[in-house]
Amino acid sequence: MQVFLENVHKYYNRGGEREVHALKDVSLRVKEGEVVCVQGPSGSGKSTLLSIIGCLYPPTSGKAVVSGRQLSRLPDHFLTRHRRENIGFIFQRFNLIESISVLENITLPLLPLGITPKQRNHKGRELLAQLGIGHREKFRVDKISGGEMQRVAIARALICDPVLILADEPTAHLDSELSHQFMESMMALKAQGKTIVITSHDPLVTTHHLCDNLYTMHDGHLREGRHQ
Ligand SMILES: Nc1ncnc2c1ncn2[C@@H]1O[C@H](COP(=O)(O)OP(=O)(O)OP(=O)(O)O)[C@@H](O)[C@H]1O
Ligand SMILES: [Mg+2]
């Protein structure tokens with residue numbers, strides 16, 4: 001079992017004036033090699049769910065086991081390492097460093113691995129070429145388009161060859177052709193046995209044969225199937 005959530009609750013600002021109960025009794029199982037898609041309206045808790053699976057923070061209560069690790073039992077530095085070694089996260093807001101180049105951004109996750117700059121750059125260039133943005137490698141991230149940023153974020157998530165890929169609205173900034181290309185690259189990763197969890201509103205994604213299971217989030221609740 002790659003992802004196992006049981007009765008997970010997540011509160012933001014618990015006990016405060018701006019308390020939000022973002023996940024309500026969420027249970028989810030994702031097997032190794034499975035592709036799961038989560039749809040749902042804005043504010044329903046999709047990014048929060050992905051952040052917990054991505055080990056960015058533990059649930060407020062409930063059990064979360066990701067790639068064999070129970071999150072609430074791990075100290076921060078273990079979580080960071082676990083995340084780096086196993087998980088590729090494509091963030092909704094990209095989380096790229098705008099003041100450095102495209103190539104520098106996507107090779108950053110390789111730094112702790114102790115490989116040479118030449119090897120890092122080679123790997124980075126290969127990925128950029130696959131994603132059709134090789135010509136942007138030297139550009140600062142704040143000087144490229146939204147669709148290009150989306151692809152840089154995808155490249156950065158894939159560079160460490162993660163076993164678990166989490167993609168938060170990955171086609172939101174891509175046109176139809178690039179969205180199809182993205183789905184093709186996900187199909188190839190699925191064929192390699194990767195586990196993938198995608199959140200999306202995009203019908204291209206939610207109805208695609210890539211997805212083994214579709215879930216719908218509504219006001220913090222997760223339900224199997226299409227409930228809209
Ligand atoms: N860091 C935070 N602090 C406080 N509240 C938050 C935080 N992040 C999200 N929330 C709240 O938690 C709820 C779920 O948010 P979340 O971002 O998970 O929804 P979403 O389904 O991803 O929405 P969207 O489709 O707009 O990306 C929302 O009410 C949101 O306002
Ligand atoms: Mg979101």
# chains A, B, ... in the order shown; residues from 1 in each chain; ligands from 1
$ residues_near_ligand --ligand "ligand 2" --cutoff "9 Å" --atoms "only C-alpha atoms and all ligand atoms" --output "VMD selection string"
chain A and resid 42 to 48 50 91 to 93 168 to 169 199 to 200
$ write_last_selection --atoms "C-alpha atoms" --output "compact mmCIF listing (two decimals), in the first residue's frame"
# COMPACT_ATOMS: atom_id res chain seq x y z
CA SER A 42 -12.49 25.16 -5.05
CA GLY A 43 -11.86 25.12 -1.30
CA SER A 44 -13.06 21.53 -0.86
CA GLY A 45 -9.68 20.35 0.47
CA LYS A 46 -7.87 18.83 -2.53
CA SER A 47 -4.54 20.61 -2.00
CA THR A 48 -4.71 19.92 1.73
CA LEU A 50 -2.24 16.21 -1.36
CA PHE A 91 2.52 22.19 -6.64
CA GLN A 92 -0.56 24.14 -7.66
CA ARG A 93 1.38 27.40 -7.28
CA ASP A 168 -1.98 19.42 -7.93
CA GLU A 169 -3.99 20.78 -10.88
CA THR A 199 -6.14 16.63 -8.30
CA SER A 200 -7.97 18.28 -11.15
$ residues_around --residues "Gly33 of chain A" --least-positions-apart "3" --cutoff "10 Å" --atoms "only C-alpha atoms" --output "compact mmCIF listing (two decimals) with C-alpha atoms, in the first residue's frame"
# COMPACT_ATOMS: atom_id res chain seq x y z
CA MET A 1 0.00 0.00 0.00
CA GLN A 2 1.65 3.20 -1.15
CA VAL A 30 -3.80 3.93 -3.03
CA VAL A 36 -5.96 8.11 -8.49
CA VAL A 163 8.06 6.33 -6.72
CA LEU A 164 5.07 8.48 -5.80
CA LEU A 189 5.28 6.86 -15.74
CA LYS A 190 2.36 4.62 -14.84
CA ALA A 191 3.78 1.97 -17.20
CA GLN A 192 7.01 2.20 -15.18
CA GLY A 193 5.00 1.29 -12.06
CA LYS A 194 4.82 4.74 -10.47
CA THR A 195 1.99 5.56 -8.12
CA ILE A 196 0.24 8.81 -9.04
CA ASP A 212 -7.81 3.77 -12.06
$ residues_near_ligand --ligand "ligand 1" --cutoff "12 Å" --atoms "only C-alpha atoms and all ligand atoms" --output "short mmCIF file (atom, residue, chain, number, x, y, z; two decimals) with C-alpha atoms, in the first residue's frame"
data_model
loop_
_atom_site.label_atom_id
_atom_site.label_comp_id
_atom_site.auth_asym_id
_atom_site.auth_seq_id
_atom_site.Cartn_x
_atom_site.Cartn_y
_atom_site.Cartn_z
CA HIS A 9 -8.82 15.27 9.97
CA LYS A 10 -6.94 18.45 9.20
CA TYR A 11 -7.64 21.77 10.89
CA TYR A 12 -5.95 25.04 10.07
CA ASN A 13 -5.71 27.60 12.93
CA ARG A 14 -7.35 25.17 15.32
CA GLY A 16 -8.55 30.30 16.61
CA GLU A 17 -10.99 32.71 15.08
CA ARG A 18 -10.08 31.58 11.58
CA GLU A 19 -10.34 27.87 12.25
CA VAL A 20 -10.93 25.78 9.12
CA HIS A 21 -11.81 22.11 9.24
CA ALA A 22 -10.28 21.29 5.85
CA LEU A 23 -10.35 17.47 5.93
CA LYS A 24 -13.16 15.58 7.64
CA VAL A 38 -9.36 13.68 -6.98
CA GLN A 39 -11.83 16.27 -8.24
CA GLY A 40 -13.96 18.73 -6.31
CA PRO A 41 -14.87 22.41 -6.10
CA SER A 42 -12.49 25.16 -5.05
CA GLY A 43 -11.86 25.12 -1.30
CA SER A 44 -13.06 21.53 -0.86
CA GLY A 45 -9.68 20.35 0.47
CA LYS A 46 -7.87 18.83 -2.53
CA SER A 47 -4.54 20.61 -2.00
CA THR A 48 -4.71 19.92 1.73
CA LEU A 49 -5.19 16.23 1.03
CA LEU A 50 -2.24 16.21 -1.36
CA SER A 51 -0.06 18.10 1.14
CA ILE A 52 -0.67 15.42 3.75
CA LEU A 56 4.37 18.52 4.05
CA TYR A 57 2.59 18.31 7.41
CA PHE A 91 2.52 22.19 -6.64
CA GLN A 92 -0.56 24.14 -7.66
CA ARG A 93 1.38 27.40 -7.28
CA ALA A 167 0.20 16.53 -9.09
CA ASP A 168 -1.98 19.42 -7.93
CA GLU A 169 -3.99 20.78 -10.88
CA PRO A 170 -1.14 19.96 -13.26
CA ALA A 172 -4.36 24.28 -15.10
CA ILE A 198 -3.68 13.94 -9.31
CA THR A 199 -6.14 16.63 -8.30
CA SER A 200 -7.97 18.28 -11.15
CA HIS A 201 -11.10 20.00 -12.41
CA ASP A 202 -10.04 19.33 -15.99
CA THR A 216 -14.64 13.61 -5.27
CA MET A 217 -13.96 16.04 -2.43
CA HIS A 218 -16.76 18.13 -1.07
CA ASP A 219 -16.41 20.42 1.93
CA GLY A 220 -13.59 18.32 3.40
CA HIS A 221 -15.24 14.95 2.77
CA LEU A 222 -13.77 12.48 0.30
#
$ select_by_dssp --residues "segment 17-227 of chain A" --states "alpha helix (DSSP H)" --output "ChimeraX atom specification"
/A:46-53,76-86,102-107,117-130,146-158,176-191,203-206
$ residues_around --residues "Ser176 of chain A" --least-positions-apart "4" --cutoff "12 Å" --atoms "only C-alpha atoms" --output "PyMOL selection string"
chain A and resi 147+171-172+180-183+202-205
$ write_last_selection --atoms "C-alpha atoms" --output "PDB file, in the first residue's frame"
ATOM      1  CA  GLY A 147       2.628  27.059 -19.261  1.00  0.00           C
ATOM      2  CA  THR A 171      -2.926  21.028 -16.448  1.00  0.00           C
ATOM      3  CA  ALA A 172      -4.360  24.284 -15.096  1.00  0.00           C
ATOM      4  CA  HIS A 180      -2.534  15.829 -23.779  1.00  0.00           C
ATOM      5  CA  GLN A 181       1.253  15.605 -23.748  1.00  0.00           C
ATOM      6  CA  PHE A 182       1.229  15.760 -19.947  1.00  0.00           C
ATOM      7  CA  MET A 183      -1.256  12.876 -19.794  1.00  0.00           C
ATOM      8  CA  ASP A 202     -10.043  19.327 -15.995  1.00  0.00           C
ATOM      9  CA  PRO A 203     -12.373  16.826 -17.751  1.00  0.00           C
ATOM     10  CA  LEU A 204      -9.413  15.708 -19.852  1.00  0.00           C
ATOM     11  CA  VAL A 205      -7.809  14.439 -16.636  1.00  0.00           C
TER      12      VAL A 205
END
$ closest_residue --among "A:Asn105, A:Ser67, A:Asn7, A:Ser72" --to "Asp142 of chain A" --atoms "only C-alpha atoms"
A:Asn105
$ residues_around --residues "Gly132 of chain A" --least-positions-apart "2" --cutoff "12 Å" --atoms "only C-alpha atoms" --output "list of chain:residue names"
A:Arg125, A:Glu126, A:Leu127, A:Leu128, A:Ala129, A:Gln130, A:Gly134, A:His135, A:Arg136, A:Glu137, A:Gly147, A:Glu148, A:Met149, A:Gln150, A:Arg151, A:Val152, A:Ile154, A:Ala155, A:Leu178, A:Gln181, A:Phe182
$ atom_distance --atom1 "atom CA of Val102 of chain A" --atom2 "atom CA of Cys37 of chain A"
28.2 Å
$ closest_residue --among "A:Phe139, A:Ile159, A:Ser27, A:Ile53" --to "Ser99 of chain A" --atoms "only C-alpha atoms"
A:Phe139
$ atom_distance --atom1 "atom CA of Thr207 of chain A" --atom2 "atom CA of Val66 of chain A"
25.9 Å
$ residues_around --residues "Gly54 of chain A" --least-positions-apart "4" --cutoff "7 Å" --atoms "only C-alpha atoms" --output "ChimeraX atom specification"
/A:50,83,87,89
$ write_last_selection --atoms "N, CA and C atoms" --output "PDB file, in the first residue's frame"
ATOM      1  N   LEU A  50      -3.499  16.510  -0.686  1.00  0.00           N
ATOM      2  CA  LEU A  50      -2.241  16.212  -1.364  1.00  0.00           C
ATOM      3  C   LEU A  50      -1.036  16.580  -0.489  1.00  0.00           C
ATOM      4  N   ARG A  83      10.511  12.605   1.868  1.00  0.00           N
ATOM      5  CA  ARG A  83       9.888  13.350   0.782  1.00  0.00           C
ATOM      6  C   ARG A  83      10.838  13.434  -0.426  1.00  0.00           C
ATOM      7  N   ILE A  87       9.087  11.125  -3.141  1.00  0.00           N
ATOM      8  CA  ILE A  87       7.900  11.831  -3.624  1.00  0.00           C
ATOM      9  C   ILE A  87       8.240  12.968  -4.568  1.00  0.00           C
ATOM     10  N   PHE A  89       6.466  16.204  -6.119  1.00  0.00           N
ATOM     11  CA  PHE A  89       5.274  17.017  -5.890  1.00  0.00           C
ATOM     12  C   PHE A  89       5.202  18.134  -6.928  1.00  0.00           C
TER      13      PHE A  89
END
$ residues_around --residues "Glu98 of chain A" --least-positions-apart "3" --cutoff "8 Å" --atoms "only C-alpha atoms" --output "list in words"
Ser101, Arg140, Val141 and Asp142 of chain A
$ closest_residue --among "A:Glu6, A:Asp25, A:Asp175, A:Glu184" --to "Ala64 of chain A" --atoms "only C-alpha atoms"
A:Glu6
